[in-house]
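To start, the structure itself, in structure tokens.
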Amino acid sequence: MNKPPLVLHICCAPDEAWVVNTLEKHYNLFCFFCNPNISPQKEYQFRLQEAQTVANRFNVPFFSDPYQPDSWEKAIEGFENTPEGGERCKRCFLLRLGRTAEFCRKMNLPSFTTVMSISPHKKISLLNETGKIAASNYDVNYECFDFKKKNGFQQSIILSKKLGLYRQDYCGCRLSMAERDLRKRRQQENLLKKSDHG
Ligand code: SF4
């Protein structure tokens, strides 16, 4: 069968694994890892390595953008205090999907999408909006998938466990890491309060 080509923007291995597993029968896939948002660098290297491992396992070509965290800092400058899912994330999506659209154009491939729609924490409307803007800037197509449908998120957890993949507990940037730490501290404080009253 002559499968149409599709570039997949990859943010992490667990999301990648389920999406590649779902799409590989229907598309000629090209994985593109582009995440200047990820901090610290050690975490970036680890997520990159895991993503490469998944692509090798499924025998899909894998490419990665050079790590340029300054480009992310510049993109979100002035919006550091907006909550997750707001303007900061919109700018982060635009940066990563813009680079993916540029990659698509350079490779002379017609379409791309992102595996990020599998996450219940990412607004599908924001992903589609930024994906389409990025695509039109480079005269390519953005395919609007929603991989969390048909239980996709749960399926990705099951598959990533089976493959022994690392699953991070924060989105990626230094701000989401600080938000995770705050959440953990609050949970611990609440537990302590409960045990005091118990
Ligand atoms: S929370 Fe996630 S999507 Fe939002 S800015 Fe940080 S890394 Fe990007």
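Naming works like this for the structure tokens: A, B, ... for the chains as they're shown, residue 1 at the start of each chain, ligands 1 onward in shown order.
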
Could you give me, as a PyMOL selection string, every polymer residue with an atom at most 7 Å away from an atom of ligand 1, counting only C-alpha atoms and all ligand atoms?
chain A and resi 37-38+84-85+88-89+92-93+171-173+175-176

Next, dump the selected residues to file, keeping only N, CA and C atoms, as a compact mmCIF listing (two decimals), in the first residue's frame.
```txt
# COMPACT_ATOMS: atom_id res chain seq x y z
N ASN A 37 11.68 23.76 25.17
CA ASN A 37 11.04 24.07 26.46
C ASN A 37 11.57 23.23 27.61
N ILE A 38 12.12 22.05 27.30
CA ILE A 38 12.43 21.09 28.38
C ILE A 38 13.64 21.55 29.19
N GLU A 84 -0.57 27.26 33.48
CA GLU A 84 -0.46 26.23 32.45
C GLU A 84 -1.76 26.18 31.65
N GLY A 85 -1.64 26.13 30.33
CA GLY A 85 -2.83 26.10 29.46
C GLY A 85 -3.16 27.48 28.91
N ARG A 88 1.27 31.43 27.94
CA ARG A 88 2.63 30.86 27.93
C ARG A 88 2.66 29.58 27.09
N CYS A 89 1.67 28.73 27.29
CA CYS A 89 1.65 27.45 26.56
C CYS A 89 1.35 27.69 25.08
N CYS A 92 4.53 28.55 23.57
CA CYS A 92 5.38 27.35 23.56
C CYS A 92 4.97 26.42 22.41
N PHE A 93 3.67 26.22 22.23
CA PHE A 93 3.17 25.38 21.12
C PHE A 93 3.58 25.99 19.78
N CYS A 171 5.24 18.85 32.76
CA CYS A 171 5.11 19.03 31.32
C CYS A 171 6.47 19.12 30.64
N GLY A 172 7.36 19.98 31.18
CA GLY A 172 8.68 20.06 30.54
C GLY A 172 9.48 21.30 30.92
N CYS A 173 8.82 22.46 30.97
CA CYS A 173 9.60 23.68 31.21
C CYS A 173 9.89 23.87 32.70
N LEU A 175 9.03 26.24 34.55
CA LEU A 175 7.87 26.76 35.27
C LEU A 175 6.91 25.61 35.64
N SER A 176 6.75 24.66 34.72
CA SER A 176 5.88 23.51 35.04
C SER A 176 6.53 22.64 36.11
```

For A:Leu48, please output as a ChimeraX atom specification all residues within 10 Å (counting only C-alpha atoms; exclusion window: fewer than 2 positions along the same chain).
/A:10-13,33-35,42-46,50-53,64

Just the selected residues (all heavy atoms), exported as a compact mmCIF listing (two decimals), in the first residue's frame, please.
```txt
# COMPACT_ATOMS: atom_id res chain seq x y z
N ILE A 10 7.14 15.12 18.15
CA ILE A 10 7.24 14.27 19.35
C ILE A 10 7.63 15.12 20.55
O ILE A 10 8.60 15.88 20.49
CB ILE A 10 8.34 13.19 19.15
CG1 ILE A 10 8.12 12.38 17.87
CG2 ILE A 10 8.46 12.30 20.38
CD1 ILE A 10 6.86 11.60 17.81
N CYS A 11 6.86 14.97 21.65
CA CYS A 11 7.25 15.66 22.89
C CYS A 11 7.88 14.70 23.89
O CYS A 11 8.75 15.09 24.66
CB CYS A 11 6.06 16.38 23.51
SG CYS A 11 4.71 15.26 23.92
N CYS A 12 7.43 13.44 23.87
CA CYS A 12 7.99 12.46 24.81
C CYS A 12 7.68 11.05 24.32
O CYS A 12 6.75 10.84 23.53
CB CYS A 12 7.43 12.66 26.21
SG CYS A 12 5.67 12.37 26.32
N ALA A 13 8.45 10.09 24.84
CA ALA A 13 8.33 8.71 24.37
C ALA A 13 6.97 8.04 24.64
O ALA A 13 6.45 7.35 23.75
CB ALA A 13 9.46 7.87 24.98
N PHE A 33 11.58 15.35 16.95
CA PHE A 33 11.64 15.73 18.36
C PHE A 33 12.09 17.19 18.43
O PHE A 33 13.22 17.51 18.04
CB PHE A 33 12.63 14.81 19.08
CG PHE A 33 12.68 14.97 20.57
CD1 PHE A 33 11.87 14.21 21.40
CD2 PHE A 33 13.56 15.87 21.15
CE1 PHE A 33 11.92 14.34 22.77
CE2 PHE A 33 13.63 16.01 22.54
CZ PHE A 33 12.81 15.24 23.35
N CYS A 34 11.21 18.06 18.90
CA CYS A 34 11.54 19.48 18.97
C CYS A 34 10.98 20.06 20.27
O CYS A 34 9.77 20.31 20.36
CB CYS A 34 10.95 20.21 17.76
SG CYS A 34 11.13 21.99 17.90
N ASN A 35 11.84 20.23 21.26
CA ASN A 35 11.37 20.63 22.59
C ASN A 35 12.38 21.52 23.32
O ASN A 35 12.96 21.10 24.33
CB ASN A 35 11.06 19.37 23.41
CG ASN A 35 10.00 18.52 22.74
OD1 ASN A 35 8.84 18.92 22.63
ND2 ASN A 35 10.40 17.36 22.23
N LYS A 42 19.61 17.82 31.36
CA LYS A 42 19.71 16.37 31.63
C LYS A 42 18.36 15.68 31.32
O LYS A 42 18.30 14.61 30.75
CB LYS A 42 20.07 16.19 33.11
CG LYS A 42 20.68 14.87 33.44
CD LYS A 42 21.15 14.90 34.89
CE LYS A 42 21.11 13.49 35.42
NZ LYS A 42 21.07 13.41 36.85
N GLU A 43 17.28 16.35 31.72
CA GLU A 43 15.94 15.83 31.47
C GLU A 43 15.68 15.82 29.96
O GLU A 43 15.10 14.87 29.42
CB GLU A 43 14.90 16.73 32.17
CG GLU A 43 13.45 16.41 31.85
CD GLU A 43 12.91 15.22 32.65
OE1 GLU A 43 13.58 14.79 33.60
OE2 GLU A 43 11.82 14.72 32.29
N TYR A 44 16.11 16.89 29.28
CA TYR A 44 15.95 16.96 27.83
C TYR A 44 16.65 15.77 27.17
O TYR A 44 16.07 15.08 26.32
CB TYR A 44 16.54 18.28 27.29
CG TYR A 44 16.57 18.33 25.78
CD1 TYR A 44 15.47 18.76 25.05
CD2 TYR A 44 17.70 17.89 25.08
CE1 TYR A 44 15.48 18.76 23.67
CE2 TYR A 44 17.73 17.89 23.70
CZ TYR A 44 16.61 18.33 23.00
OH TYR A 44 16.63 18.32 21.62
N GLN A 45 17.90 15.51 27.56
CA GLN A 45 18.68 14.43 26.95
C GLN A 45 18.00 13.09 27.19
O GLN A 45 17.95 12.24 26.30
CB GLN A 45 20.11 14.38 27.54
CG GLN A 45 20.98 15.56 27.15
CD GLN A 45 21.22 15.65 25.64
OE1 GLN A 45 20.89 14.76 24.87
NE2 GLN A 45 21.76 16.77 25.20
N PHE A 46 17.45 12.92 28.37
CA PHE A 46 16.82 11.64 28.69
C PHE A 46 15.54 11.43 27.86
O PHE A 46 15.32 10.36 27.29
CB PHE A 46 16.53 11.56 30.19
CG PHE A 46 16.18 10.17 30.62
CD1 PHE A 46 16.99 9.09 30.26
CD2 PHE A 46 15.03 9.92 31.35
CE1 PHE A 46 16.67 7.80 30.64
CE2 PHE A 46 14.70 8.63 31.73
CZ PHE A 46 15.52 7.57 31.37
N GLU A 50 14.91 8.46 25.05
CA GLU A 50 13.76 7.56 25.11
C GLU A 50 12.94 7.62 23.82
O GLU A 50 12.46 6.61 23.31
CB GLU A 50 12.87 7.94 26.30
CG GLU A 50 13.47 7.61 27.64
CD GLU A 50 13.19 6.16 28.05
OE1 GLU A 50 12.07 5.87 28.48
OE2 GLU A 50 14.12 5.34 27.92
N ALA A 51 12.77 8.84 23.30
CA ALA A 51 12.00 9.02 22.07
C ALA A 51 12.69 8.33 20.89
O ALA A 51 12.04 7.70 20.04
CB ALA A 51 11.80 10.50 21.78
N GLN A 52 14.01 8.43 20.86
CA GLN A 52 14.78 7.77 19.80
C GLN A 52 14.60 6.24 19.90
O GLN A 52 14.43 5.56 18.88
CB GLN A 52 16.27 8.16 19.95
CG GLN A 52 17.22 7.37 19.09
CD GLN A 52 17.38 7.94 17.69
OE1 GLN A 52 17.96 9.01 17.53
NE2 GLN A 52 16.86 7.24 16.69
N THR A 53 14.62 5.73 21.12
CA THR A 53 14.46 4.29 21.34
C THR A 53 13.11 3.80 20.80
O THR A 53 13.03 2.74 20.16
CB THR A 53 14.55 3.99 22.86
OG1 THR A 53 15.80 4.48 23.33
CG2 THR A 53 14.44 2.51 23.16
N SER A 64 15.86 15.13 15.19
CA SER A 64 15.66 16.02 16.34
C SER A 64 16.22 17.40 16.00
O SER A 64 17.22 17.54 15.31
CB SER A 64 16.33 15.46 17.59
OG SER A 64 17.71 15.36 17.41
```

Identify, on the basis of only C-alpha atoms, every residue whose closest approach to A:Lys74 does not exceed 12 Å; exclude the query and any residue fewer than 3 positions from it along the same chain; express the result as a VMD selection string.
chain A and resid 36 to 37 68 to 71 77 to 80 88 91 to 92 95

Please produce a file of those selected residues containing N, CA and C atoms, as a PDB file, in the first residue's frame.
```
ATOM      1  N   PRO A  36      12.548  22.769  22.842  1.00  0.00           N
ATOM      2  CA  PRO A  36      13.479  23.677  23.533  1.00  0.00           C
ATOM      3  C   PRO A  36      12.949  24.095  24.904  1.00  0.00           C
ATOM      4  N   ASN A  37      11.676  23.760  25.174  1.00  0.00           N
ATOM      5  CA  ASN A  37      11.036  24.074  26.460  1.00  0.00           C
ATOM      6  C   ASN A  37      11.573  23.232  27.615  1.00  0.00           C
ATOM      7  N   GLN A  68      17.726  24.356  21.836  1.00  0.00           N
ATOM      8  CA  GLN A  68      17.952  25.808  21.952  1.00  0.00           C
ATOM      9  C   GLN A  68      17.013  26.401  23.003  1.00  0.00           C
ATOM     10  N   PRO A  69      17.323  26.147  24.290  1.00  0.00           N
ATOM     11  CA  PRO A  69      16.415  26.625  25.344  1.00  0.00           C
ATOM     12  C   PRO A  69      16.214  28.140  25.348  1.00  0.00           C
ATOM     13  N   ASP A  70      17.211  28.893  24.834  1.00  0.00           N
ATOM     14  CA  ASP A  70      17.044  30.361  24.803  1.00  0.00           C
ATOM     15  C   ASP A  70      15.879  30.776  23.910  1.00  0.00           C
ATOM     16  N   SER A  71      15.627  29.978  22.861  1.00  0.00           N
ATOM     17  CA  SER A  71      14.517  30.338  21.959  1.00  0.00           C
ATOM     18  C   SER A  71      13.186  30.225  22.705  1.00  0.00           C
ATOM     19  N   GLU A  77       8.761  35.100  27.068  1.00  0.00           N
ATOM     20  CA  GLU A  77       9.149  36.266  27.864  1.00  0.00           C
ATOM     21  C   GLU A  77       7.948  37.190  28.121  1.00  0.00           C
ATOM     22  N   GLY A  78       7.756  37.561  29.390  1.00  0.00           N
ATOM     23  CA  GLY A  78       6.630  38.430  29.753  1.00  0.00           C
ATOM     24  C   GLY A  78       5.382  37.641  30.126  1.00  0.00           C
ATOM     25  N   PHE A  79       5.393  36.317  29.868  1.00  0.00           N
ATOM     26  CA  PHE A  79       4.212  35.487  30.156  1.00  0.00           C
ATOM     27  C   PHE A  79       4.544  34.364  31.149  1.00  0.00           C
ATOM     28  N   GLU A  80       5.631  34.570  31.884  1.00  0.00           N
ATOM     29  CA  GLU A  80       6.093  33.539  32.821  1.00  0.00           C
ATOM     30  C   GLU A  80       5.048  33.243  33.891  1.00  0.00           C
ATOM     31  N   ARG A  88       1.274  31.429  27.940  1.00  0.00           N
ATOM     32  CA  ARG A  88       2.632  30.859  27.932  1.00  0.00           C
ATOM     33  C   ARG A  88       2.663  29.578  27.093  1.00  0.00           C
ATOM     34  N   ARG A  91       2.336  30.175  23.302  1.00  0.00           N
ATOM     35  CA  ARG A  91       3.605  30.576  22.690  1.00  0.00           C
ATOM     36  C   ARG A  91       4.581  29.405  22.580  1.00  0.00           C
ATOM     37  N   CYS A  92       4.532  28.550  23.571  1.00  0.00           N
ATOM     38  CA  CYS A  92       5.385  27.347  23.561  1.00  0.00           C
ATOM     39  C   CYS A  92       4.971  26.418  22.406  1.00  0.00           C
ATOM     40  N   LEU A  95       6.011  27.910  19.024  1.00  0.00           N
ATOM     41  CA  LEU A  95       7.449  27.760  18.765  1.00  0.00           C
ATOM     42  C   LEU A  95       7.748  26.337  18.270  1.00  0.00           C
TER      43      LEU A  95
END
```

Residue nearest A:Thr113 - candidates A:Met1, A:Val19, A:Leu8, A:Leu163, atoms counted: only C-alpha atoms:
A:Leu8

I need the residue nearest A:Phe32 from this list: A:Pro4, A:Pro66, A:Gly131, A:Pro120. Use only C-alpha atoms for the distance.
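The closest residue to A:Phe32 is A:Pro66.
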
Which is closest to A:Lys148 among A:Ile76, A:Ile124, A:Gln187, A:Arg96, if we use only C-alpha atoms?
A:Ile124

Rank A:Gly98, A:His121, A:Tyr166, A:Ile158 by their smallest atom-to-atom distance to A:Tyr138, using only C-alpha atoms, and report the top residue only.
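Among the listed residues, A:Gly98 lies closest to A:Tyr138.
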
Chain A: residues DSSP assigns to helix (DSSP H, G or I), reported as JSON, numbers by chain:
{"A": [13, 14, 15, 16, 17, 18, 19, 20, 21, 22, 23, 41, 42, 43, 44, 45, 46, 47, 48, 49, 50, 51, 52, 53, 54, 55, 56, 57, 58, 69, 70, 71, 72, 73, 74, 75, 76, 87, 88, 89, 90, 91, 92, 93, 94, 95, 96, 97, 98, 99, 100, 101, 102, 103, 104, 105, 106, 115, 116, 117, 118, 124, 125, 126, 127, 128, 129, 130, 131, 132, 133, 134, 135, 136, 137, 138, 152, 153, 154, 155, 156, 157, 158, 159, 160, 161, 162, 174, 175, 176, 177, 178, 179, 180, 181, 182, 183, 184, 185, 186, 187, 188, 189, 190, 191, 192, 193, 194, 195, 196, 197]}

Within 10 Å of A:Phe145 using only C-alpha atoms, minus same-chain residues under 4 positions, as a list in words
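Returned residues: Thr113, Thr114, Val115, Met116, Ser117, Ile118, Ile124, Leu127, Asn128 and Lys149 of chain A.
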
Tell me which of A:Ser111, A:Ser195, A:Gln188, A:Ser160 sits closest to A:Asn21, counting only C-alpha atoms.
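Closest to A:Asn21, using only C-alpha atoms: A:Ser160.
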
Surrounding residues of A:Tyr27 excluding itself and chain neighbours under 4 positions, 10 Å, only C-alpha atoms, as a VMD selection string:
chain A and resid 1 to 7 20 22 to 23

For the residues selected in the previous step, produce a file with all heavy atoms as a PDB file, in the first residue's frame.
```
ATOM      1  N   MET A   1       0.849  -1.208   0.000  1.00  0.00           N
ATOM      2  CA  MET A   1       0.000   0.000   0.000  1.00  0.00           C
ATOM      3  C   MET A   1       0.880   1.251   0.000  1.00  0.00           C
ATOM      4  O   MET A   1       1.878   1.304   0.721  1.00  0.00           O
ATOM      5  CB  MET A   1      -0.900  -0.010   1.236  1.00  0.00           C
ATOM      6  CG  MET A   1      -1.912   1.111   1.248  1.00  0.00           C
ATOM      7  SD  MET A   1      -3.049   1.040   2.655  1.00  0.00           S
ATOM      8  CE  MET A   1      -2.013   1.594   3.989  1.00  0.00           C
ATOM      9  N   ASN A   2       0.467   2.241  -0.790  1.00  0.00           N
ATOM     10  CA  ASN A   2       1.205   3.490  -0.823  1.00  0.00           C
ATOM     11  C   ASN A   2       0.696   4.415   0.284  1.00  0.00           C
ATOM     12  O   ASN A   2      -0.364   5.022   0.146  1.00  0.00           O
ATOM     13  CB  ASN A   2       1.004   4.133  -2.195  1.00  0.00           C
ATOM     14  CG  ASN A   2       2.250   4.831  -2.638  1.00  0.00           C
ATOM     15  OD1 ASN A   2       3.242   4.830  -1.905  1.00  0.00           O
ATOM     16  ND2 ASN A   2       2.199   5.425  -3.815  1.00  0.00           N
ATOM     17  N   LYS A   3       1.434   4.492   1.374  1.00  0.00           N
ATOM     18  CA  LYS A   3       0.942   5.266   2.520  1.00  0.00           C
ATOM     19  C   LYS A   3       1.368   6.730   2.386  1.00  0.00           C
ATOM     20  O   LYS A   3       2.505   7.017   2.018  1.00  0.00           O
ATOM     21  CB  LYS A   3       1.508   4.682   3.814  1.00  0.00           C
ATOM     22  CG  LYS A   3       1.043   3.260   4.101  1.00  0.00           C
ATOM     23  CD  LYS A   3       1.527   2.762   5.451  1.00  0.00           C
ATOM     24  CE  LYS A   3       2.976   2.384   5.449  1.00  0.00           C
ATOM     25  NZ  LYS A   3       3.418   1.741   6.694  1.00  0.00           N
ATOM     26  N   PRO A   4       0.475   7.660   2.750  1.00  0.00           N
ATOM     27  CA  PRO A   4       0.860   9.083   2.672  1.00  0.00           C
ATOM     28  C   PRO A   4       1.872   9.424   3.768  1.00  0.00           C
ATOM     29  O   PRO A   4       1.803   8.878   4.871  1.00  0.00           O
ATOM     30  CB  PRO A   4      -0.456   9.826   2.902  1.00  0.00           C
ATOM     31  CG  PRO A   4      -1.340   8.856   3.596  1.00  0.00           C
ATOM     32  CD  PRO A   4      -0.914   7.479   3.188  1.00  0.00           C
ATOM     33  N   PRO A   5       2.811  10.332   3.478  1.00  0.00           N
ATOM     34  CA  PRO A   5       3.783  10.716   4.510  1.00  0.00           C
ATOM     35  C   PRO A   5       3.159  11.646   5.561  1.00  0.00           C
ATOM     36  O   PRO A   5       2.245  12.419   5.246  1.00  0.00           O
ATOM     37  CB  PRO A   5       4.873  11.445   3.723  1.00  0.00           C
ATOM     38  CG  PRO A   5       4.215  11.917   2.478  1.00  0.00           C
ATOM     39  CD  PRO A   5       3.046  11.018   2.201  1.00  0.00           C
ATOM     40  N   LEU A   6       3.651  11.551   6.785  1.00  0.00           N
ATOM     41  CA  LEU A   6       3.174  12.437   7.853  1.00  0.00           C
ATOM     42  C   LEU A   6       4.309  12.654   8.856  1.00  0.00           C
ATOM     43  O   LEU A   6       4.889  11.686   9.365  1.00  0.00           O
ATOM     44  CB  LEU A   6       1.967  11.808   8.574  1.00  0.00           C
ATOM     45  CG  LEU A   6       1.359  12.626   9.712  1.00  0.00           C
ATOM     46  CD1 LEU A   6       0.660  13.892   9.192  1.00  0.00           C
ATOM     47  CD2 LEU A   6       0.348  11.789  10.514  1.00  0.00           C
ATOM     48  N   VAL A   7       4.604  13.928   9.131  1.00  0.00           N
ATOM     49  CA  VAL A   7       5.597  14.251  10.162  1.00  0.00           C
ATOM     50  C   VAL A   7       4.879  14.301  11.510  1.00  0.00           C
ATOM     51  O   VAL A   7       3.831  14.927  11.640  1.00  0.00           O
ATOM     52  CB  VAL A   7       6.274  15.620   9.877  1.00  0.00           C
ATOM     53  CG1 VAL A   7       7.153  16.045  11.048  1.00  0.00           C
ATOM     54  CG2 VAL A   7       7.088  15.555   8.579  1.00  0.00           C
ATOM     55  N   VAL A  20       2.453   6.346  17.355  1.00  0.00           N
ATOM     56  CA  VAL A  20       3.122   5.615  16.267  1.00  0.00           C
ATOM     57  C   VAL A  20       2.450   4.247  16.102  1.00  0.00           C
ATOM     58  O   VAL A  20       2.158   3.813  14.977  1.00  0.00           O
ATOM     59  CB  VAL A  20       4.645   5.461  16.549  1.00  0.00           C
ATOM     60  CG1 VAL A  20       5.281   4.499  15.562  1.00  0.00           C
ATOM     61  CG2 VAL A  20       5.332   6.819  16.465  1.00  0.00           C
ATOM     62  N   THR A  22      -0.551   3.531  16.646  1.00  0.00           N
ATOM     63  CA  THR A  22      -1.883   3.732  16.054  1.00  0.00           C
ATOM     64  C   THR A  22      -1.811   4.102  14.561  1.00  0.00           C
ATOM     65  O   THR A  22      -2.638   3.661  13.768  1.00  0.00           O
ATOM     66  CB  THR A  22      -2.614   4.888  16.798  1.00  0.00           C
ATOM     67  OG1 THR A  22      -2.578   4.603  18.178  1.00  0.00           O
ATOM     68  CG2 THR A  22      -4.052   5.041  16.362  1.00  0.00           C
ATOM     69  N   LEU A  23      -0.810   4.918  14.210  1.00  0.00           N
ATOM     70  CA  LEU A  23      -0.800   5.482  12.849  1.00  0.00           C
ATOM     71  C   LEU A  23       0.072   4.750  11.835  1.00  0.00           C
ATOM     72  O   LEU A  23      -0.071   4.964  10.638  1.00  0.00           O
ATOM     73  CB  LEU A  23      -0.332   6.946  12.890  1.00  0.00           C
ATOM     74  CG  LEU A  23      -1.233   7.977  13.579  1.00  0.00           C
ATOM     75  CD1 LEU A  23      -0.658   9.371  13.368  1.00  0.00           C
ATOM     76  CD2 LEU A  23      -2.662   7.926  13.051  1.00  0.00           C
TER      77      LEU A  23
END
```

Determine which residues of stretch 21-188 of chain A receive a DSSP assignment of strand (DSSP E), computed from the backbone, and state them as number ranges by chain.
A: 28-33, 62-64, 111-114, 141-142

Residue with smallest distance to A:Tyr67 - pool A:Glu129, A:Arg99, A:His26, A:Arg167, counting only C-alpha atoms
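Among the listed residues, the smallest separation from A:Tyr67 belongs to A:Arg99.
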